[in-house]
>>> print(open('run-v4.cif').read())   # mmCIF, C-alpha atoms
data_structure
#
loop_
_atom_site.label_atom_id
_atom_site.label_comp_id
_atom_site.auth_asym_id
_atom_site.auth_seq_id
_atom_site.Cartn_x
_atom_site.Cartn_y
_atom_site.Cartn_z
CA MET A 34 17.55 5.34 -203.64
CA GLY A 35 18.75 8.02 -201.22
CA ILE A 36 21.07 8.02 -198.21
CA LEU A 37 21.44 10.66 -195.52
CA ARG A 38 24.77 10.22 -193.73
CA ASN A 39 26.71 11.98 -190.99
CA ILE A 40 23.73 12.56 -188.68
CA GLY A 41 24.93 13.76 -185.29
CA GLN A 42 21.77 12.70 -183.47
CA LEU A 43 18.72 11.08 -185.02
CA ALA A 44 15.47 11.38 -183.05
CA THR A 45 13.45 8.59 -184.65
CA CYS A 46 10.31 9.04 -182.51
CA ALA A 47 9.76 5.35 -183.15
CA SER A 48 6.29 3.90 -182.84
CA ASP A 49 7.15 1.85 -179.76
CA ALA A 50 8.67 4.81 -177.89
CA THR A 51 6.91 5.96 -174.75
CA GLN A 52 5.66 9.54 -174.50
CA GLY A 53 8.82 10.31 -172.54
CA GLY A 54 11.47 9.29 -175.07
CA ALA A 55 12.28 10.12 -178.68
CA HIS A 56 14.46 7.04 -179.47
CA VAL A 57 17.66 8.93 -180.24
CA VAL A 58 20.41 7.23 -182.29
CA ALA A 59 23.87 8.83 -182.40
CA HIS A 60 26.08 8.89 -185.53
CA ALA A 61 23.19 7.64 -187.65
CA ALA A 62 22.16 7.23 -191.26
CA ILE A 63 18.85 6.85 -193.13
CA VAL A 64 18.19 5.05 -196.41
CA TRP A 65 15.09 5.43 -198.55
CA SER A 66 13.79 4.06 -201.83
CA GLY A 67 11.28 6.13 -203.73
CA ASP A 68 9.55 8.09 -200.97
CA GLU A 69 9.75 5.41 -198.23
CA ILE A 70 12.40 4.75 -195.63
CA THR A 71 14.01 1.31 -195.96
CA TRP A 72 16.74 1.38 -193.30
CA VAL A 73 17.59 3.37 -190.15
CA GLY A 74 20.49 2.88 -187.77
CA GLU A 75 24.07 3.69 -186.82
CA GLU A 76 26.06 4.71 -189.87
CA LYS A 77 28.75 2.13 -189.14
CA ASN A 78 26.14 -0.59 -189.78
CA LEU A 79 25.02 0.71 -193.18
CA PRO A 80 24.52 -2.18 -195.60
CA PRO A 81 26.49 -2.03 -198.87
CA MET A 82 24.56 -0.43 -201.73
CA THR A 83 25.09 1.10 -205.13
CA ASP A 84 23.28 3.55 -207.41
CA HIS A 85 22.12 6.01 -204.78
CA ASP A 86 21.94 9.75 -204.15
CA GLU A 87 23.97 10.62 -201.08
CA HIS A 88 23.33 13.55 -198.74
CA ASP A 89 25.52 14.77 -195.88
CA ALA A 90 23.68 15.94 -192.75
CA GLY A 91 26.78 17.76 -191.56
CA GLY A 92 26.54 16.32 -188.06
CA ARG A 93 23.13 17.94 -187.52
CA LEU A 94 20.18 16.79 -185.45
CA VAL A 95 17.58 15.07 -187.63
CA ILE A 96 13.94 14.68 -186.63
CA PRO A 97 10.80 13.49 -188.41
CA GLY A 98 9.10 16.12 -190.53
CA LEU A 99 6.92 18.20 -188.21
CA ILE A 100 3.13 17.82 -188.37
CA ASP A 101 0.82 20.74 -187.63
CA CYS A 102 -2.35 18.81 -186.77
CA HIS A 103 -4.66 21.80 -186.14
CA THR A 104 -4.74 24.89 -188.38
CA HIS A 105 -7.33 27.19 -189.92
CA LEU A 106 -5.06 27.94 -192.86
CA ALA A 107 -7.49 29.62 -195.29
CA PHE A 108 -9.15 32.85 -194.20
CA GLY A 109 -9.71 36.39 -195.37
CA GLY A 110 -8.38 39.43 -193.54
CA TRP A 111 -6.79 39.66 -190.09
CA ARG A 112 -8.01 40.76 -186.63
CA ALA A 113 -5.19 42.87 -185.20
CA ASP A 114 -7.71 45.24 -183.61
CA GLU A 115 -8.95 42.43 -181.37
CA PHE A 116 -5.39 41.87 -180.18
CA GLU A 117 -5.42 45.34 -178.67
CA GLU A 118 -8.96 44.91 -177.32
CA ARG A 119 -7.91 41.81 -175.37
CA ILE A 120 -4.84 43.61 -174.04
CA ARG A 121 -7.18 46.34 -172.78
CA GLY A 122 -9.33 43.79 -170.97
CA SER A 123 -12.01 42.52 -173.36
CA SER A 124 -12.51 38.76 -173.29
CA TYR A 125 -12.77 36.49 -176.33
CA LEU A 126 -16.47 35.90 -175.58
CA GLU A 127 -17.19 39.63 -175.18
CA ILE A 128 -15.60 40.36 -178.56
CA ALA A 129 -17.58 37.53 -180.15
CA ARG A 130 -20.87 38.84 -178.72
CA ARG A 131 -20.16 42.24 -180.32
CA GLY A 132 -19.90 40.64 -183.76
CA GLY A 133 -16.13 40.21 -183.75
CA GLY A 134 -14.20 36.99 -183.46
CA ILE A 135 -15.04 34.22 -185.91
CA ARG A 136 -17.93 36.17 -187.44
CA SER A 137 -15.56 38.99 -188.41
CA THR A 138 -13.35 36.57 -190.30
CA VAL A 139 -16.40 34.96 -191.91
CA ARG A 140 -17.32 38.31 -193.45
CA ASP A 141 -13.82 38.78 -194.89
CA THR A 142 -13.54 35.18 -196.08
CA ARG A 143 -16.87 35.24 -197.90
CA ARG A 144 -15.68 38.29 -199.84
CA ALA A 145 -12.35 36.69 -200.79
CA GLU A 146 -11.93 35.03 -204.19
CA ALA A 147 -10.67 31.43 -204.27
CA ASP A 148 -7.50 32.39 -206.16
CA HIS A 149 -6.66 35.02 -203.55
CA LEU A 150 -7.14 32.51 -200.75
CA PHE A 151 -5.03 29.95 -202.57
CA ASP A 152 -2.16 32.42 -203.02
CA ARG A 153 -2.25 33.18 -199.29
CA VAL A 154 -2.30 29.56 -198.13
CA ARG A 155 0.46 28.66 -200.57
CA ARG A 156 2.69 31.40 -199.11
CA HIS A 157 1.91 30.29 -195.56
CA ALA A 158 2.60 26.64 -196.40
CA ALA A 159 5.92 27.52 -198.05
CA GLU A 160 7.08 29.35 -194.93
CA MET A 161 5.88 26.46 -192.75
CA LEU A 162 7.96 24.11 -194.91
CA GLU A 163 11.04 26.18 -194.11
CA LEU A 164 10.25 25.55 -190.43
CA GLY A 165 10.33 21.79 -191.01
CA VAL A 166 6.54 21.28 -191.31
CA THR A 167 5.85 18.53 -193.85
CA THR A 168 2.19 17.74 -193.05
CA ILE A 169 -0.60 20.24 -192.34
CA GLU A 170 -4.17 19.68 -191.18
CA CYS A 171 -6.36 22.45 -192.63
CA LYS A 172 -9.87 23.31 -191.42
CA SER A 173 -12.66 25.12 -193.18
CA GLY A 174 -15.07 27.03 -190.95
CA TYR A 175 -14.81 30.63 -192.10
CA GLY A 176 -17.39 30.32 -194.88
CA LEU A 177 -20.47 28.92 -193.11
CA THR A 178 -22.49 28.68 -196.31
CA LEU A 179 -22.40 25.64 -198.54
CA GLU A 180 -20.66 27.52 -201.35
CA ASP A 181 -18.10 29.20 -199.12
CA GLU A 182 -17.24 26.06 -197.16
CA LEU A 183 -16.74 24.20 -200.45
CA LYS A 184 -14.59 27.11 -201.64
CA LEU A 185 -12.22 26.70 -198.70
CA LEU A 186 -12.02 22.93 -198.97
CA LYS A 187 -11.31 23.16 -202.70
CA VAL A 188 -8.48 25.60 -201.93
CA TYR A 189 -7.00 22.90 -199.68
CA ARG A 190 -7.42 20.25 -202.35
CA ARG A 191 -5.59 22.52 -204.79
CA LEU A 192 -2.83 23.07 -202.22
CA SER A 193 -2.51 19.30 -201.76
CA MET A 194 -2.14 18.81 -205.50
CA ASP A 195 0.36 21.70 -205.73
CA GLY A 196 2.59 20.12 -203.02
CA PRO A 197 5.08 19.38 -201.69
CA GLN A 198 3.50 19.07 -198.23
CA ARG A 199 0.90 16.52 -197.25
CA ILE A 200 -2.48 18.21 -196.63
CA VAL A 201 -5.28 16.78 -194.50
CA SER A 202 -8.58 18.64 -194.80
CA THR A 203 -11.22 18.96 -192.08
CA PHE A 204 -14.77 20.24 -192.50
CA LEU A 205 -15.62 22.74 -189.74
CA GLY A 206 -18.98 24.07 -190.85
CA ALA A 207 -19.92 23.95 -187.16
CA HIS A 208 -17.47 26.68 -186.17
CA THR A 209 -20.14 29.14 -185.10
CA VAL A 210 -23.72 30.00 -186.08
CA PRO A 211 -23.55 32.61 -188.87
CA PRO A 212 -25.40 35.90 -188.37
CA GLU A 213 -28.10 35.17 -190.96
CA PHE A 214 -29.21 32.26 -188.74
CA ASP A 215 -29.50 34.28 -185.51
CA GLY A 216 -32.58 32.99 -183.73
CA ARG A 217 -32.68 30.00 -186.10
CA ARG A 218 -29.71 27.93 -184.94
CA ALA A 219 -31.61 24.65 -185.30
CA GLU A 220 -32.02 25.42 -189.00
CA TYR A 221 -28.28 25.98 -189.33
CA VAL A 222 -27.52 22.64 -187.66
CA ASP A 223 -29.95 21.06 -190.13
CA LEU A 224 -28.06 22.73 -192.99
CA VAL A 225 -24.72 21.39 -191.71
CA CYS A 226 -26.06 17.86 -191.25
CA ASP A 227 -28.48 17.51 -194.15
CA VAL A 228 -26.69 19.49 -196.87
CA MET A 229 -23.09 20.41 -196.11
CA ILE A 230 -21.74 17.13 -194.72
CA PRO A 231 -23.26 14.93 -197.48
CA ARG A 232 -21.88 17.27 -200.18
CA VAL A 233 -18.40 17.44 -198.63
CA ALA A 234 -18.29 13.67 -198.28
CA ARG A 235 -19.62 13.04 -201.77
CA GLU A 236 -16.93 15.26 -203.31
CA LYS A 237 -14.24 13.75 -201.02
CA LEU A 238 -13.16 17.19 -199.87
CA ALA A 239 -12.38 16.31 -196.24
CA SER A 240 -11.18 13.44 -194.08
CA PHE A 241 -12.67 14.74 -190.82
CA CYS A 242 -15.64 16.62 -189.43
CA ASP A 243 -14.98 19.01 -186.55
CA VAL A 244 -17.27 21.00 -184.23
CA PHE A 245 -16.61 23.86 -181.81
CA VAL A 246 -18.40 22.95 -178.57
CA GLU A 247 -18.54 26.10 -176.46
CA GLU A 248 -20.94 28.66 -174.99
CA SER A 249 -20.40 30.93 -178.00
CA ALA A 250 -20.69 28.10 -180.54
CA PHE A 251 -22.49 24.71 -180.33
CA SER A 252 -24.01 22.68 -177.51
CA LEU A 253 -23.10 19.11 -176.64
CA LYS A 254 -26.33 17.85 -178.16
CA GLU A 255 -25.77 19.76 -181.38
CA GLY A 256 -22.14 18.68 -181.52
CA GLU A 257 -23.07 15.04 -181.04
CA ARG A 258 -25.57 15.16 -183.90
CA ILE A 259 -23.09 16.85 -186.24
CA LEU A 260 -20.24 14.45 -185.46
CA LYS A 261 -22.42 11.36 -185.75
CA THR A 262 -23.72 12.60 -189.08
CA GLY A 263 -20.15 13.05 -190.22
CA ARG A 264 -19.31 9.51 -189.15
CA GLN A 265 -22.30 8.18 -191.09
CA HIS A 266 -20.84 9.81 -194.21
CA GLY A 267 -17.34 8.44 -193.66
CA LEU A 268 -15.76 11.46 -191.97
CA GLY A 269 -13.65 10.97 -188.86
CA ALA A 270 -14.52 13.06 -185.80
CA LYS A 271 -12.59 15.89 -184.15
CA VAL A 272 -13.74 18.29 -181.42
CA HIS A 273 -12.80 21.83 -180.37
CA ALA A 274 -13.31 21.06 -176.68
CA ASP A 275 -13.25 22.85 -173.32
CA GLN A 276 -11.28 25.87 -174.49
CA LEU A 277 -13.04 28.64 -172.57
CA THR A 278 -15.32 26.67 -170.24
CA SER A 279 -15.52 23.11 -168.98
CA CYS A 280 -18.54 22.11 -171.02
CA GLY A 281 -18.08 18.37 -171.58
CA GLY A 282 -16.30 18.56 -174.91
CA ALA A 283 -13.70 15.98 -173.94
CA GLU A 284 -16.42 13.55 -172.84
CA LEU A 285 -18.22 14.12 -176.15
CA ALA A 286 -15.04 13.37 -178.09
CA ALA A 287 -14.65 10.10 -176.21
CA SER A 288 -18.30 9.11 -176.65
CA VAL A 289 -18.26 9.51 -180.45
CA GLY A 290 -14.83 7.91 -180.96
CA ALA A 291 -13.12 11.13 -182.06
CA VAL A 292 -9.51 10.86 -183.17
CA SER A 293 -8.67 14.01 -181.19
CA ALA A 294 -10.00 16.63 -178.83
CA ASP A 295 -8.26 19.99 -179.15
CA HIS A 296 -7.67 22.99 -176.82
CA LEU A 297 -8.73 21.34 -173.50
CA GLU A 298 -7.57 24.13 -171.19
CA GLN A 299 -10.68 23.64 -169.01
CA THR A 300 -11.13 19.86 -169.25
CA SER A 301 -12.33 18.02 -166.14
CA THR A 302 -10.73 14.95 -164.61
CA VAL A 303 -13.73 12.95 -165.82
CA GLY A 304 -13.10 14.17 -169.35
CA ILE A 305 -9.42 13.26 -169.23
CA ARG A 306 -10.24 9.76 -168.00
CA ALA A 307 -12.80 9.31 -170.77
CA MET A 308 -10.23 10.35 -173.39
CA ALA A 309 -7.68 7.91 -171.97
CA ARG A 310 -10.20 5.09 -172.00
CA GLU A 311 -11.16 5.67 -175.64
CA GLY A 312 -7.69 6.54 -176.97
CA VAL A 313 -8.53 10.13 -177.96
CA VAL A 314 -5.44 12.26 -178.64
CA ALA A 315 -5.27 15.53 -176.70
CA VAL A 316 -4.10 18.38 -178.95
CA SER A 317 -2.61 21.28 -177.05
CA LEU A 318 -2.65 24.72 -178.71
CA PRO A 319 -0.35 26.84 -176.53
CA ILE A 320 -0.17 29.80 -178.93
CA ALA A 321 -3.92 30.27 -178.47
CA SER A 322 -3.57 29.98 -174.68
CA LEU A 323 -0.83 32.62 -174.81
CA TYR A 324 -2.77 35.08 -176.97
CA LEU A 325 -6.00 34.68 -175.00
CA GLY A 326 -4.25 34.89 -171.64
CA VAL A 327 -5.92 31.74 -170.33
CA LYS A 328 -4.53 29.03 -168.08
CA PRO A 329 -2.79 26.56 -170.40
CA LEU A 330 -3.46 22.85 -170.62
CA ASP A 331 -1.48 20.83 -168.06
CA GLY A 332 0.19 18.34 -170.38
CA ARG A 333 1.63 16.18 -167.61
CA ARG A 334 -1.82 15.69 -166.15
CA PHE A 335 -3.00 14.21 -169.45
CA ILE A 336 0.13 12.10 -169.96
CA GLU A 337 0.01 10.70 -166.44
CA ALA A 338 -3.62 9.71 -167.08
CA GLY A 339 -2.56 7.76 -170.18
CA VAL A 340 -3.59 10.27 -172.85
CA SER A 341 -1.29 10.88 -175.83
CA VAL A 342 -0.59 14.61 -176.20
CA ALA A 343 -0.01 16.36 -179.53
CA VAL A 344 0.86 20.03 -180.08
CA ALA A 345 -0.26 22.26 -182.97
CA THR A 346 -0.35 25.97 -183.78
CA ASP A 347 -4.13 26.55 -184.22
CA PHE A 348 -3.03 29.10 -186.84
CA ASN A 349 -5.95 31.50 -187.32
CA PRO A 350 -6.39 35.29 -187.57
CA GLY A 351 -7.86 35.78 -184.11
CA SER A 352 -6.57 33.70 -181.22
CA ALA A 353 -3.40 32.20 -182.75
CA PRO A 354 -2.05 34.35 -185.60
CA SER A 355 1.18 32.37 -186.04
CA TYR A 356 2.05 29.19 -187.95
CA HIS A 357 5.41 28.78 -186.17
CA LEU A 358 5.15 25.17 -184.96
CA PRO A 359 8.66 25.10 -183.40
CA MET A 360 7.58 28.08 -181.28
CA ALA A 361 4.45 26.17 -180.26
CA LEU A 362 6.65 23.24 -179.21
CA MET A 363 8.84 25.56 -177.14
CA LEU A 364 5.73 27.01 -175.50
CA ALA A 365 4.49 23.47 -174.83
CA CYS A 366 7.62 22.94 -172.74
CA ASN A 367 7.21 26.20 -170.83
CA MET A 368 3.41 26.38 -170.59
CA ASN A 369 2.14 22.78 -170.87
CA ARG A 370 5.00 21.28 -168.80
CA LEU A 371 6.17 18.88 -171.49
CA THR A 372 9.81 17.85 -171.64
CA PRO A 373 11.57 18.63 -174.95
CA ALA A 374 11.35 14.95 -175.94
CA GLN A 375 7.64 14.90 -175.12
CA ALA A 376 7.15 18.10 -177.13
CA LEU A 377 8.95 16.59 -180.13
CA LEU A 378 6.73 13.50 -179.99
CA ALA A 379 3.75 15.84 -179.69
CA GLY A 380 4.71 17.55 -182.96
CA THR A 381 5.48 14.35 -184.84
CA ARG A 382 4.29 10.87 -183.86
CA ASN A 383 1.34 11.93 -181.70
CA ALA A 384 0.35 14.64 -184.19
CA ALA A 385 0.24 11.94 -186.87
CA ARG A 386 -2.16 9.96 -184.68
CA ALA A 387 -4.35 13.06 -184.32
CA ILE A 388 -4.93 13.13 -188.09
CA GLY A 389 -5.11 9.38 -188.68
CA MET A 390 -1.72 9.17 -190.42
CA SER A 391 0.42 7.29 -187.90
CA ASP A 392 0.97 4.43 -190.37
CA THR A 393 2.54 6.84 -192.86
CA VAL A 394 4.32 9.75 -191.15
CA GLY A 395 5.40 10.96 -187.73
CA SER A 396 8.48 8.80 -187.13
CA ILE A 397 11.68 7.75 -188.88
CA GLU A 398 11.22 4.03 -189.38
CA ALA A 399 11.31 1.56 -192.25
CA GLY A 400 8.03 1.73 -194.16
CA LYS A 401 7.29 5.37 -193.26
CA LYS A 402 7.60 8.29 -195.66
CA ALA A 403 11.03 9.91 -195.81
CA ASP A 404 9.85 13.21 -194.32
CA LEU A 405 12.76 14.75 -192.43
CA ALA A 406 13.89 18.02 -190.88
CA LEU A 407 17.60 18.77 -190.35
CA LEU A 408 18.29 21.13 -187.46
CA ASP A 409 21.32 23.19 -186.52
CA ALA A 410 21.14 21.96 -182.93
CA GLU A 411 23.18 19.51 -180.92
CA SER A 412 20.18 17.82 -179.29
CA VAL A 413 16.40 17.98 -178.93
CA ASN A 414 16.84 19.63 -175.55
CA HIS A 415 19.10 22.34 -176.97
CA TRP A 416 16.82 22.97 -179.95
CA LEU A 417 13.79 23.85 -177.81
CA TYR A 418 15.80 25.51 -175.03
CA ASN A 419 17.83 27.83 -177.29
CA PHE A 420 14.86 29.12 -179.27
CA ARG A 421 15.71 30.90 -182.53
CA PRO A 422 13.64 32.21 -185.43
CA ASN A 423 14.46 29.05 -187.37
CA ALA A 424 16.98 26.31 -186.65
CA VAL A 425 15.95 24.20 -189.67
CA ALA A 426 18.69 23.88 -192.29
CA ALA A 427 16.77 21.63 -194.69
CA THR A 428 13.46 19.82 -195.07
CA PHE A 429 12.87 16.60 -197.01
CA VAL A 430 9.41 15.44 -198.12
CA GLY A 431 9.22 11.90 -199.45
CA GLY A 432 13.00 11.74 -199.82
CA ARG A 433 13.20 14.92 -201.88
CA LEU A 434 14.92 18.09 -200.67
CA ALA A 435 11.94 20.47 -200.48
CA SER A 436 13.45 23.42 -198.61
CA GLY A 437 16.89 24.66 -197.58
CA GLN A 438 20.23 23.27 -198.65
CA LEU A 439 22.98 20.94 -197.46
#
>>> encode(input="run-v4.cif", output="structure tokens")
Amino acid sequence: MGILRNIGQLATCASDATQGGAHVVAHAAIVWSGDEITWVGEEKNLPPMTDHDEHDAGGRLVIPGLIDCHTHLAFGGWRADEFEERIRGSSYLEIARRGGGIRSTVRDTRRAEADHLFDRVRRHAAEMLELGVTTIECKSGYGLTLEDELKLLKVYRRLSMDGPQRIVSTFLGAHTVPPEFDGRRAEYVDLVCDVMIPRVAREKLASFCDVFVEESAFSLKEGERILKTGRQHGLGAKVHADQLTSCGGAELAASVGAVSADHLEQTSTVGIRAMAREGVVAVSLPIASLYLGVKPLDGRRFIEAGVSVAVATDFNPGSAPSYHLPMALMLACNMNRLTPAQALLAGTRNAARAIGMSDTVGSIEAGKKADLALLDAESVNHWLYNFRPNAVAATFVGGRLASGQL
């Protein structure tokens, strides 16, 4: 049994909180047994107990372990040259048409050995842990052959077994059409649906199937077929939707019962209403909006329509080359018009919903995993207002101190 005492402010992000509040408890304590929380409340009301490990929060702010619900963690190479090209005026689509973008990373990833990729993702995950990130969603999508997609997903399975973070894998074979299928895109969609998805599902390498619906990637019709095939094989649905153009991605996500639609900078009012009606979580990726210089998602517009908003990094080598989730939450305040409390919920409770884990993580409540981040900040507002390289003093995963010190 473990106890964390002397918490200055505890943002529980409780399940019954509205999107506007984080359920803050002052002068709080948390008790856990094994890896699950058993009691939360004001420290003065702590029940008597014996035989426990006691930890002192030092008056810090404590929040649920952060959840990065959209990353492309495993990839070969980087694309720093495209960063300069965009600064000089080239658009994302122009770079993609010239053979850059996702296809460039596909070439580097296919050449990379699995052990090399694993070493990279393990380093990234360790640094994310220091930032308070205890759960990571990881997409494939830079292999685009059966063997290379399996290679990436097996790297994630190895990372999950290595720990300490919780890893959720997503199959994104429909990231773009690889160059060897130019002029034969229907054959590639057949490969994804008839070969890749059944194999991924059979080997239990992913929980979700994702598709990039965009002018430079897949059409609505293709996306619908891919997602429905995934559902038939037991994979939940996710959609890269309406990032560069308003192409109906949000409506597609709603029609197939997707757990989330991500990006959404160009989503129509009709799309937002459809997501609200079907309970699809909107995942904002403000680092990508910043790097691409596009108009960011209007978070308040989604919230006012009744859509739950999550925030993630979209960590990838092209449009979002940073895994700094606290920075993404700060940008969500400044770019997506979320309040600090809304941003915190977006990186915890709502992010858990976006990966189907809301029964397990995302809030500090009895029955949830004891995943916690201790911050050197006096309040949620001050944490995201006074942005620093890292305000996290310690991170707990399942009641165990996984990073930092007290």
>>> atom_distance(input="run-v4.cif", atom1="CA of Asp223 in chain A", atom2="CA of Gly109 in chain A")
25.9 Å
>>> atom_distance(input="run-v4.cif", atom1="CA of Ala435 in chain A", atom2="CA of Leu183 in chain A")
28.9 Å
>>> closest_residue(input="run-v4.cif", among="A:Lys261, A:His103, A:Lys237, A:His60", to="Leu318 in chain A", atoms="only C-alpha atoms")
A:His103
>>> closest_residue(input="run-v4.cif", among="A:Asn423, A:Thr138, A:Ser301, A:Ser202", to="Leu177 in chain A", atoms="only C-alpha atoms")
A:Thr138
>>> atom_distance(input="run-v4.cif", atom1="CA of Asp141 in chain A", atom2="CA of Glu127 in chain A")
20.0 Å
>>> residues_around(input="run-v4.cif", residues="Pro212 in chain A", least_positions_apart="2", cutoff="10 Å", atoms="all atoms listed in the file", output="number ranges by chain")
A: 132, 136, 139-140, 177, 209-210, 214-218
>>> closest_residue(input="run-v4.cif", among="A:Ala385, A:Leu192, A:Leu268, A:Val340", to="Asp148 in chain A", atoms="only C-alpha atoms")
A:Leu192
>>> residues_around(input="run-v4.cif", residues="Gly176 in chain A", least_positions_apart="4", cutoff="9 Å", atoms="only C-alpha atoms", output="ChimeraX atom specification")
/A:108,138-140,142-143,180-185,206,211
>>> resolve_selection(input="run-v4.cif", expression="the PyMOL selection byres ((chain A and resi 322) around 10)", output="list of chain:residue names")
A:Gln276, A:Leu277, A:His296, A:Glu298, A:Ser317, A:Leu318, A:Pro319, A:Ile320, A:Ala321, A:Leu323, A:Tyr324, A:Leu325, A:Gly326, A:Val327, A:Lys328, A:Pro329, A:Leu330, A:Ser352, A:Ala353, A:Leu364, A:Met368, A:Asn369
>>> closest_residue(input="run-v4.cif", among="A:Arg38, A:Ala338, A:Val58, A:Leu43", to="Ala90 in chain A", atoms="all atoms listed in the file")
A:Arg38
>>> residues_around(input="run-v4.cif", residues="Leu439 in chain A", least_positions_apart="5", cutoff="10 Å", atoms="all atoms listed in the file", output="short mmCIF file (atom, residue, chain, number, x, y, z; two decimals) with C-alpha atoms, in the coordinates of the input")
data_model
loop_
_atom_site.label_atom_id
_atom_site.label_comp_id
_atom_site.auth_asym_id
_atom_site.auth_seq_id
_atom_site.Cartn_x
_atom_site.Cartn_y
_atom_site.Cartn_z
CA HIS A 88 23.33 13.55 -198.74
CA ASP A 89 25.52 14.77 -195.88
CA ALA A 90 23.68 15.94 -192.75
CA GLY A 91 26.78 17.76 -191.56
CA LEU A 407 17.60 18.77 -190.35
CA ALA A 426 18.69 23.88 -192.29
CA ALA A 427 16.77 21.63 -194.69
CA THR A 428 13.46 19.82 -195.07
CA LEU A 434 14.92 18.09 -200.67
#
>>> closest_residue(input="run-v4.cif", among="A:Thr178, A:Ser193, A:Ser293, A:Thr393", to="His208 in chain A", atoms="only C-alpha atoms")
A:Thr178
>>> residues_around(input="run-v4.cif", residues="Leu162 in chain A", least_positions_apart="5", cutoff="10 Å", atoms="all atoms listed in the file", output="MDAnalysis selection string")
chainID A and resid 98:99 156:157 167:169 197:198 406 425 427:430 435:437
>>> write_last_selection(input="run-v4.cif", atoms="C-alpha atoms", output="CSV table (one decimal), in the frame of the given file")
chain,number,residue,atom,x,y,z
A,98,GLY,CA,9.1,16.1,-190.5
A,99,LEU,CA,6.9,18.2,-188.2
A,156,ARG,CA,2.7,31.4,-199.1
A,157,HIS,CA,1.9,30.3,-195.6
A,167,THR,CA,5.8,18.5,-193.8
A,168,THR,CA,2.2,17.7,-193.0
A,169,ILE,CA,-0.6,20.2,-192.3
A,197,PRO,CA,5.1,19.4,-201.7
A,198,GLN,CA,3.5,19.1,-198.2
A,406,ALA,CA,13.9,18.0,-190.9
A,425,VAL,CA,16.0,24.2,-189.7
A,427,ALA,CA,16.8,21.6,-194.7
A,428,THR,CA,13.5,19.8,-195.1
A,429,PHE,CA,12.9,16.6,-197.0
A,430,VAL,CA,9.4,15.4,-198.1
A,435,ALA,CA,11.9,20.5,-200.5
A,436,SER,CA,13.4,23.4,-198.6
A,437,GLY,CA,16.9,24.7,-197.6
